[in-house]
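Pasting structure.txt here (compact mmCIF, C-alpha atoms and all ligand atoms):
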# COMPACT_ATOMS: atom_id res chain seq x y z
CA MET A 1 -8.89 7.44 -36.30
CA SER A 2 -8.40 8.16 -32.58
CA GLU A 3 -6.42 11.23 -31.59
CA LEU A 4 -2.83 11.01 -30.39
CA PRO A 5 -2.64 11.24 -26.61
CA ARG A 6 -1.46 14.62 -25.30
CA SER A 7 1.26 12.96 -23.25
CA PHE A 8 3.10 9.66 -23.07
CA SER A 9 4.25 8.46 -19.66
CA HIS A 10 6.61 5.59 -18.89
CA SER A 11 3.64 3.60 -17.66
CA SER A 12 1.66 4.23 -20.83
CA ALA A 13 4.67 3.32 -22.99
CA SER A 14 5.23 0.11 -20.99
CA THR A 15 1.60 -0.92 -21.38
CA PHE A 16 1.76 -0.22 -25.11
CA LYS A 17 4.97 -2.23 -25.55
CA GLN A 18 3.57 -5.11 -23.48
CA CYS A 19 0.30 -5.27 -25.45
CA PRO A 20 -1.10 -2.62 -27.85
CA ARG A 21 -4.64 -4.01 -27.40
CA ARG A 22 -4.40 -3.53 -23.64
CA TRP A 23 -3.15 0.04 -24.20
CA LYS A 24 -6.13 0.79 -26.46
CA HIS A 25 -8.66 -0.52 -23.92
CA LYS A 26 -7.08 1.57 -21.18
CA TYR A 27 -6.17 4.82 -22.90
CA ILE A 28 -8.57 5.10 -25.87
CA ASP A 29 -11.65 3.14 -24.79
CA LYS A 30 -11.06 4.16 -21.16
CA LEU A 31 -12.48 0.89 -19.87
CA PRO A 32 -12.33 0.45 -16.09
CA ASP A 33 -8.90 -0.72 -14.93
CA PRO A 34 -9.22 -0.95 -11.15
CA THR A 35 -6.11 -0.65 -9.01
CA GLY A 36 -5.35 -3.95 -7.29
CA GLU A 37 -4.41 -4.48 -3.67
CA ALA A 38 -0.64 -4.52 -4.21
CA ALA A 39 -0.75 -1.24 -6.15
CA LEU A 40 -2.94 0.35 -3.46
CA VAL A 41 -0.46 -0.69 -0.78
CA GLY A 42 2.22 0.96 -2.91
CA GLN A 43 0.20 4.16 -3.30
CA PHE A 44 -0.43 4.38 0.43
CA ALA A 45 3.29 3.94 1.17
CA HIS A 46 4.20 6.53 -1.50
CA ASP A 47 1.75 9.06 -0.04
CA VAL A 48 3.16 8.65 3.46
CA LEU A 49 6.77 8.93 2.29
CA GLU A 50 5.94 11.96 0.17
CA GLN A 51 4.59 13.81 3.19
CA LEU A 52 7.40 12.56 5.42
CA CYS A 53 10.07 13.90 3.08
CA LYS A 54 8.40 17.31 2.99
CA GLU A 55 9.14 17.59 6.71
CA GLU A 56 12.29 19.17 8.08
CA PRO A 57 15.09 16.53 8.06
CA ALA A 58 15.12 16.09 11.85
CA LEU A 59 11.38 15.29 11.83
CA ARG A 60 11.68 12.45 9.28
CA THR A 61 11.33 9.70 11.88
CA GLU A 62 9.38 6.44 12.03
CA THR A 63 7.15 8.00 14.67
CA LYS A 64 6.32 10.84 12.31
CA ALA A 65 5.70 8.37 9.47
CA LYS A 66 3.26 6.47 11.70
CA GLU A 67 1.45 9.69 12.52
CA ILE A 68 1.18 10.59 8.81
CA ALA A 69 -0.02 7.06 7.95
CA GLY A 70 -2.74 7.38 10.62
CA SER A 71 -3.89 10.70 9.18
CA ILE A 72 -3.95 9.42 5.58
CA TRP A 73 -5.59 6.04 6.29
CA PRO A 74 -9.24 7.28 6.41
CA LYS A 75 -8.84 8.69 2.86
CA VAL A 76 -7.36 5.38 1.62
CA ALA A 77 -10.25 3.46 3.19
CA GLU A 78 -12.73 5.72 1.40
CA ARG A 79 -11.22 5.19 -2.05
CA LYS A 80 -13.47 3.45 -4.55
CA ASP A 81 -10.69 1.04 -5.58
CA PHE A 82 -10.09 0.13 -1.96
CA LYS A 83 -13.78 -0.46 -1.27
CA ASN A 84 -13.98 -2.62 -4.41
CA LEU A 85 -11.46 -4.99 -2.81
CA LYS A 86 -14.19 -5.82 -0.24
CA LEU A 87 -11.66 -6.63 2.47
CA ASN A 88 -13.02 -7.80 5.83
CA SER A 89 -11.62 -6.28 9.02
CA ASN A 90 -8.81 -8.86 9.31
CA GLU A 91 -7.85 -8.34 5.68
CA GLN A 92 -7.91 -4.56 6.18
CA ARG A 93 -5.58 -4.98 9.15
CA GLU A 94 -3.28 -7.04 6.94
CA PHE A 95 -3.43 -4.33 4.25
CA ARG A 96 -2.31 -1.73 6.84
CA TRP A 97 0.39 -4.07 8.10
CA LYS A 98 1.75 -4.60 4.56
CA SER A 99 1.68 -0.84 3.95
CA TRP A 100 3.49 -0.10 7.21
CA ASN A 101 6.11 -2.74 6.44
CA ALA A 102 6.78 -0.98 3.12
CA ILE A 103 6.93 2.45 4.78
CA LYS A 104 9.27 1.46 7.56
CA GLY A 105 11.38 -0.39 4.98
CA LEU A 106 12.76 3.02 4.04
CA TRP A 107 14.90 2.97 7.20
CA ASP A 108 16.44 -0.34 6.12
CA LEU A 109 17.87 1.52 3.12
CA GLU A 110 18.69 5.03 4.32
CA ASP A 111 18.28 7.53 7.11
CA PRO A 112 15.83 10.04 5.61
CA SER A 113 16.91 12.70 8.13
CA MET A 114 20.31 12.75 6.38
CA ILE A 115 18.94 13.25 2.86
CA SER A 116 18.88 16.59 1.10
CA VAL A 117 15.48 16.45 -0.62
CA GLU A 118 14.94 18.97 -3.43
CA ALA A 119 11.42 17.88 -4.40
CA THR A 120 8.83 15.16 -3.86
CA GLU A 121 6.18 13.98 -6.32
CA GLN A 122 7.71 16.31 -8.89
CA ARG A 123 5.57 16.53 -12.03
CA VAL A 124 7.62 16.87 -15.16
CA SER A 125 6.26 17.46 -18.61
CA THR A 126 8.60 17.97 -21.54
CA SER A 127 9.45 16.92 -25.07
CA LEU A 128 11.95 14.05 -25.30
CA SER A 129 13.09 13.51 -28.86
CA GLY A 130 9.74 14.86 -30.05
CA VAL A 131 7.68 12.71 -27.63
CA PRO A 132 5.43 14.64 -25.23
CA PHE A 133 6.70 12.92 -22.09
CA PHE A 134 5.02 13.22 -18.71
CA GLY A 135 6.07 11.74 -15.40
CA ILE A 136 5.84 12.16 -11.65
CA ILE A 137 9.18 11.73 -9.88
CA ASP A 138 8.85 10.30 -6.37
CA ARG A 139 11.81 12.22 -5.02
CA LEU A 140 14.64 14.38 -6.30
CA ASP A 141 17.63 14.50 -3.96
CA ARG A 142 20.88 16.40 -4.09
CA ASP A 143 24.15 14.96 -2.87
CA GLU A 144 27.80 15.86 -3.33
CA ASP A 145 27.71 14.69 -6.98
CA GLY A 146 24.53 16.51 -8.00
CA LEU A 147 20.87 15.58 -8.49
CA VAL A 148 19.67 12.04 -7.80
CA VAL A 149 16.36 10.77 -9.21
CA VAL A 150 14.71 8.44 -6.69
CA ASP A 151 11.80 6.08 -7.19
CA TYR A 152 10.20 3.98 -4.43
CA LYS A 153 9.28 0.40 -5.23
CA THR A 154 7.04 -1.84 -3.13
CA GLY A 155 6.92 -4.87 -5.41
CA LYS A 156 9.26 -7.82 -5.74
CA LEU A 157 12.90 -7.31 -6.59
CA PRO A 158 13.50 -7.61 -10.33
CA ARG A 159 15.20 -10.82 -11.31
CA TYR A 160 17.36 -9.61 -14.17
CA GLY A 161 17.89 -7.06 -16.88
CA ASP A 162 18.88 -3.43 -17.30
CA ASP A 163 15.32 -2.39 -18.11
CA ASN A 164 14.59 -1.77 -14.44
CA PHE A 165 16.18 1.65 -14.70
CA ASN A 166 14.24 2.76 -17.80
CA GLN A 167 11.69 4.75 -15.83
CA VAL A 168 14.18 6.67 -13.67
CA LEU A 169 16.50 7.27 -16.64
CA LEU A 170 13.56 8.81 -18.53
CA TYR A 171 12.88 10.98 -15.49
CA ALA A 172 16.54 12.01 -15.48
CA ALA A 173 16.26 12.93 -19.18
CA ALA A 174 13.11 14.94 -18.45
CA VAL A 175 14.78 16.80 -15.55
CA ALA A 176 17.75 17.63 -17.80
CA SER A 177 15.42 18.80 -20.55
CA LYS A 178 13.45 21.02 -18.16
CA THR A 179 16.21 22.42 -15.98
CA GLY A 180 19.38 22.06 -18.05
CA GLU A 181 20.97 20.05 -15.19
CA GLN A 182 21.64 16.39 -15.91
CA PRO A 183 21.09 14.30 -12.76
CA ALA A 184 24.20 12.41 -11.67
CA ARG A 185 22.47 9.20 -10.64
CA ALA A 186 19.13 7.41 -10.64
CA ARG A 187 18.13 5.19 -7.72
CA LEU A 188 15.43 2.60 -7.07
CA LEU A 189 14.54 2.07 -3.41
CA TYR A 190 12.94 -1.37 -3.06
CA LEU A 191 11.49 -0.60 0.35
CA GLY A 192 12.68 -3.02 3.02
CA LYS A 193 14.79 -4.93 0.50
CA LYS A 194 17.51 -3.27 -1.52
CA THR A 195 18.73 -0.08 -3.20
CA MET A 196 19.61 -0.29 -6.89
CA GLU A 197 21.43 2.55 -8.52
CA THR A 198 22.87 3.61 -11.85
CA GLU A 199 24.97 6.46 -13.13
CA VAL A 200 23.04 8.67 -15.54
CA SER A 201 25.22 8.49 -18.64
CA ALA A 202 24.50 9.97 -22.06
CA ASP A 203 24.53 6.42 -23.51
CA LEU A 204 21.94 5.05 -21.10
CA VAL A 205 19.70 8.10 -21.42
CA GLY A 206 20.02 8.03 -25.23
CA LYS A 207 18.92 4.39 -25.29
CA VAL A 208 15.79 4.85 -23.15
CA VAL A 209 14.77 8.00 -25.03
CA LYS A 210 15.16 6.14 -28.32
CA ASP A 211 13.01 3.26 -26.98
CA LEU A 212 10.37 5.80 -25.96
CA SER A 213 10.52 7.48 -29.35
CA ASP A 214 10.24 4.11 -31.16
CA ALA A 215 7.17 3.19 -29.08
CA TRP A 216 5.64 6.60 -29.85
CA SER A 217 6.21 6.11 -33.61
CA LYS A 218 4.62 2.68 -33.49
CA LEU A 219 1.71 4.07 -31.52
CA LYS A 220 1.14 6.75 -34.17
CA SER A 221 1.15 4.10 -36.88
CA ASN A 222 -1.28 1.88 -34.92
CA LEU A 223 -3.59 4.84 -34.40
CA ASN A 224 -3.46 5.70 -38.12
CA ASN A 225 -4.35 2.15 -39.07
CA ASP A 226 -6.67 1.64 -36.12
CA GLU A 227 -4.88 -1.66 -35.44
CA PHE A 228 -3.96 -2.73 -31.93
CA GLU A 229 -2.74 -6.29 -31.95
CA PRO A 230 -3.11 -8.40 -28.80
CA ILE A 231 0.16 -9.80 -27.46
CA THR A 232 -0.48 -12.75 -25.18
CA THR A 233 1.89 -13.33 -22.27
CA PRO A 234 1.43 -14.63 -18.71
CA LEU A 235 0.54 -11.01 -17.82
CA CYS A 236 -2.85 -11.59 -19.50
CA GLY A 237 -3.72 -13.25 -16.18
CA TRP A 238 -3.62 -9.77 -14.60
CA CYS A 239 -5.22 -7.83 -17.47
CA SER A 240 -8.48 -6.06 -16.54
CA PHE A 241 -9.72 -6.49 -20.11
CA ILE A 242 -9.32 -10.26 -20.40
CA ALA A 243 -13.06 -10.92 -20.75
CA LYS A 244 -13.15 -8.62 -23.81
CA CYS A 245 -10.13 -10.20 -25.46
CA PRO A 246 -10.61 -13.50 -27.34
CA ALA A 247 -6.85 -14.03 -27.85
CA GLY A 248 -6.08 -13.44 -24.16
CA THR A 249 -9.02 -15.60 -23.05
CA GLU A 250 -7.91 -18.53 -25.19
CA PHE A 251 -4.31 -18.18 -24.00
CA ILE A 252 -5.28 -18.03 -20.32
CA LYS A 253 -7.69 -20.95 -20.58
CA LYS A 254 -4.86 -23.04 -22.04
CA ARG A 255 -2.55 -21.98 -19.22
CA ALA A 256 -5.21 -22.84 -16.65
CA SER A 257 -5.84 -26.29 -18.13
CA SER A 258 -2.12 -27.07 -18.16
CA GLY A 259 -1.76 -25.93 -14.54
CA LYS A 260 0.40 -22.92 -15.41
CA LEU A 261 -1.97 -20.16 -14.30
CA ARG A 262 -1.13 -18.78 -10.87
CA SER A 263 -3.85 -19.26 -8.26
CA ASP A 264 -3.91 -15.51 -7.47
CA ALA A 265 -4.37 -14.41 -11.11
CA PRO A 266 -7.49 -12.16 -11.29
CA ALA A 267 -8.29 -13.67 -14.71
CA ARG A 268 -9.52 -16.77 -12.86
CA SER A 269 -12.56 -14.98 -11.49
CA ALA A 270 -12.99 -12.79 -14.60
CA LEU A 271 -13.28 -15.94 -16.74
CA GLY A 272 -14.94 -18.14 -14.13
CA LEU A 273 -12.00 -20.60 -14.06
S1 LIG A 301 -5.78 -10.18 -22.23
FE1 LIG A 301 -3.63 -10.18 -22.89
S2 LIG A 301 -3.70 -9.99 -25.11
FE2 LIG A 301 -5.70 -9.35 -24.32
S3 LIG A 301 -5.59 -7.16 -24.04
FE3 LIG A 301 -5.04 -8.06 -22.11
S4 LIG A 301 -2.80 -8.24 -22.14
FE4 LIG A 301 -3.49 -7.92 -24.25

Can I see the file as structure tokens?
Ligand code: SF4
Amino acid sequence: MSELPRSFSHSSASTFKQCPRRWKHKYIDKLPDPTGEAALVGQFAHDVLEQLCKEEPALRTETKAKEIAGSIWPKVAERKDFKNLKLNSNEQREFRWKSWNAIKGLWDLEDPSMISVEATEQRVSTSLSGVPFFGIIDRLDRDEDGLVVVDYKTGKLPRYGDDNFNQVLLYAAAVASKTGEQPARARLLYLGKKTMETEVSADLVGKVVKDLSDAWSKLKSNLNNDEFEPITTPLCGWCSFIAKCPAGTEFIKKRASSGKLRSDAPARSALGL
């Protein structure tokens, strides 16, 4: 039997709920799971905004952000994941352009010089209902109502559902558990697009902590039985482990032959489709 992980993040829990087999390959077998271009763009933007928000409020300008982006770029270009993308010079320029668009999208949503920032990239590790939770909070602000948990998003806007706030509500629960102060609100900044916000109520926090605890219990049972069932969904098209997964391979081949597999799905090259 494999050992229980020392911590359970929102990302780990999401992967487990999406597909236990995928979780096993990533967290137990530790098979390579390279970061794709969109996620690298997001990381670059996060790194720039983290440094920007550590500056004095008056210095949080677009000019400063550009300067920080220029100083960080050489490190991004040296990353193994970035090199693996094998982008030519035009594609690298496009990568920088996409990243800058995300970064400057902050000013479409707020004026960062007016924000009272308490912490950036705040690591929080605590027990939530017996689950050893770990997370990194993009930004913790304080306004007239109290603490606000903030998470930057560079992907598409979510289409529906209340689940979008699960991550920031868990962070709010973790902050309350660590500091004794319950954040007042949790906010998602979809850079360049839209701000989404929720009150942090006991009901909402209770629900996400229970979901986390249920996933943790199921994980313990799967580990005990050494059973990690594959759950096939369209996301198999973006799973790094598709070539090792007969169920996912069959599912994706069917989608490809019926014209349902997106042309940009990495599974196409992984399976030679
Ligand atoms: S290919 Fe699909 S079913 Fe297989 S591990 Fe990946 S996500 Fe799970």

Go through region 60-171 of chain A and flag each residue having an atom no more than 7 Å from region 42-56 of chain A; for those, report the closest pair of atoms plus their distance in Å to one decimal, using all atoms listed in the file, ordered by chain and rising number, as a Markdown table.
| residue | atom | partner | partner_atom | distance |
| --- | --- | --- | --- | --- |
| A:Arg60 | CA | A:Leu52 | CA | 5.8 |
| A:Ala65 | CA | A:Leu52 | CA | 6.1 |
| A:Ile68 | CA | A:Val48 | CA | 6.0 |
| A:Ala69 | CA | A:Val48 | CA | 5.7 |
| A:Ser99 | CA | A:Ala45 | CA | 5.8 |
| A:Ala102 | CA | A:Ala45 | CA | 6.3 |
| A:Ile103 | CA | A:Ala45 | CA | 5.3 |
| A:Thr120 | CA | A:Glu50 | CA | 5.9 |
| A:Glu121 | CA | A:Glu50 | CA | 6.8 |
| A:Thr154 | CA | A:Gly42 | CA | 5.6 |

Set the cut-off to 6 Å, count all atoms listed in the file, and list whatever residues fall near ligand LIG 301 (chain A) as a list in words. Cys19, Arg21, Arg22, Pro230, Ile231, Thr232, Cys236, Cys239, Phe241, Ile242, Cys245, Ala247 and Gly248 of chain A

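The spacing separating CA of Pro5 (chain A) from CA of Lys244 (chain A) amounts to 22.6 Å.
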
Would you mind reading off the distance between CA of Leu204 (chain A) and CA of Asn166 (chain A), one decimal, in Å? 8.7 Å

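Take the candidates A:Arg123, A:Arg185, A:Arg268, A:Lys194 and check each one against Gly155 (chain A) using only C-alpha atoms; the shortest distance goes to A:Lys194.
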
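With distances taken over all atoms listed in the file, A:Gly206 is the one residue among A:Gly146, A:Gly272, A:Gly206, A:Gly192 lying closest to Ala173 (chain A).
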
Between A:Gly135, A:Arg93, A:Leu212, A:Pro246, smallest distance to Ser14 (chain A) by all atoms listed in the file belongs to A:Leu212

Show me, as a compact mmCIF listing (two decimals) with C-alpha atoms, in the frame of the given file, the residues that have an atom within 8 Å of Ile115 (chain A) when counting all atoms listed in the file, minus same-chain residues fewer than 4 positions from it.
# COMPACT_ATOMS: atom_id res chain seq x y z
CA PRO A 57 15.09 16.53 8.06
CA ASP A 111 18.28 7.53 7.11
CA ASP A 141 17.63 14.50 -3.96
CA ARG A 142 20.88 16.40 -4.09
CA ASP A 143 24.15 14.96 -2.87

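CA of Gln122 (chain A) lies 4.9 Å from CA of Ile137 (chain A).
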
Among listed residues A:Val148, A:Val131, A:Leu189, A:Leu109, nearest Ala13 (chain A) (using only C-alpha atoms): A:Val131
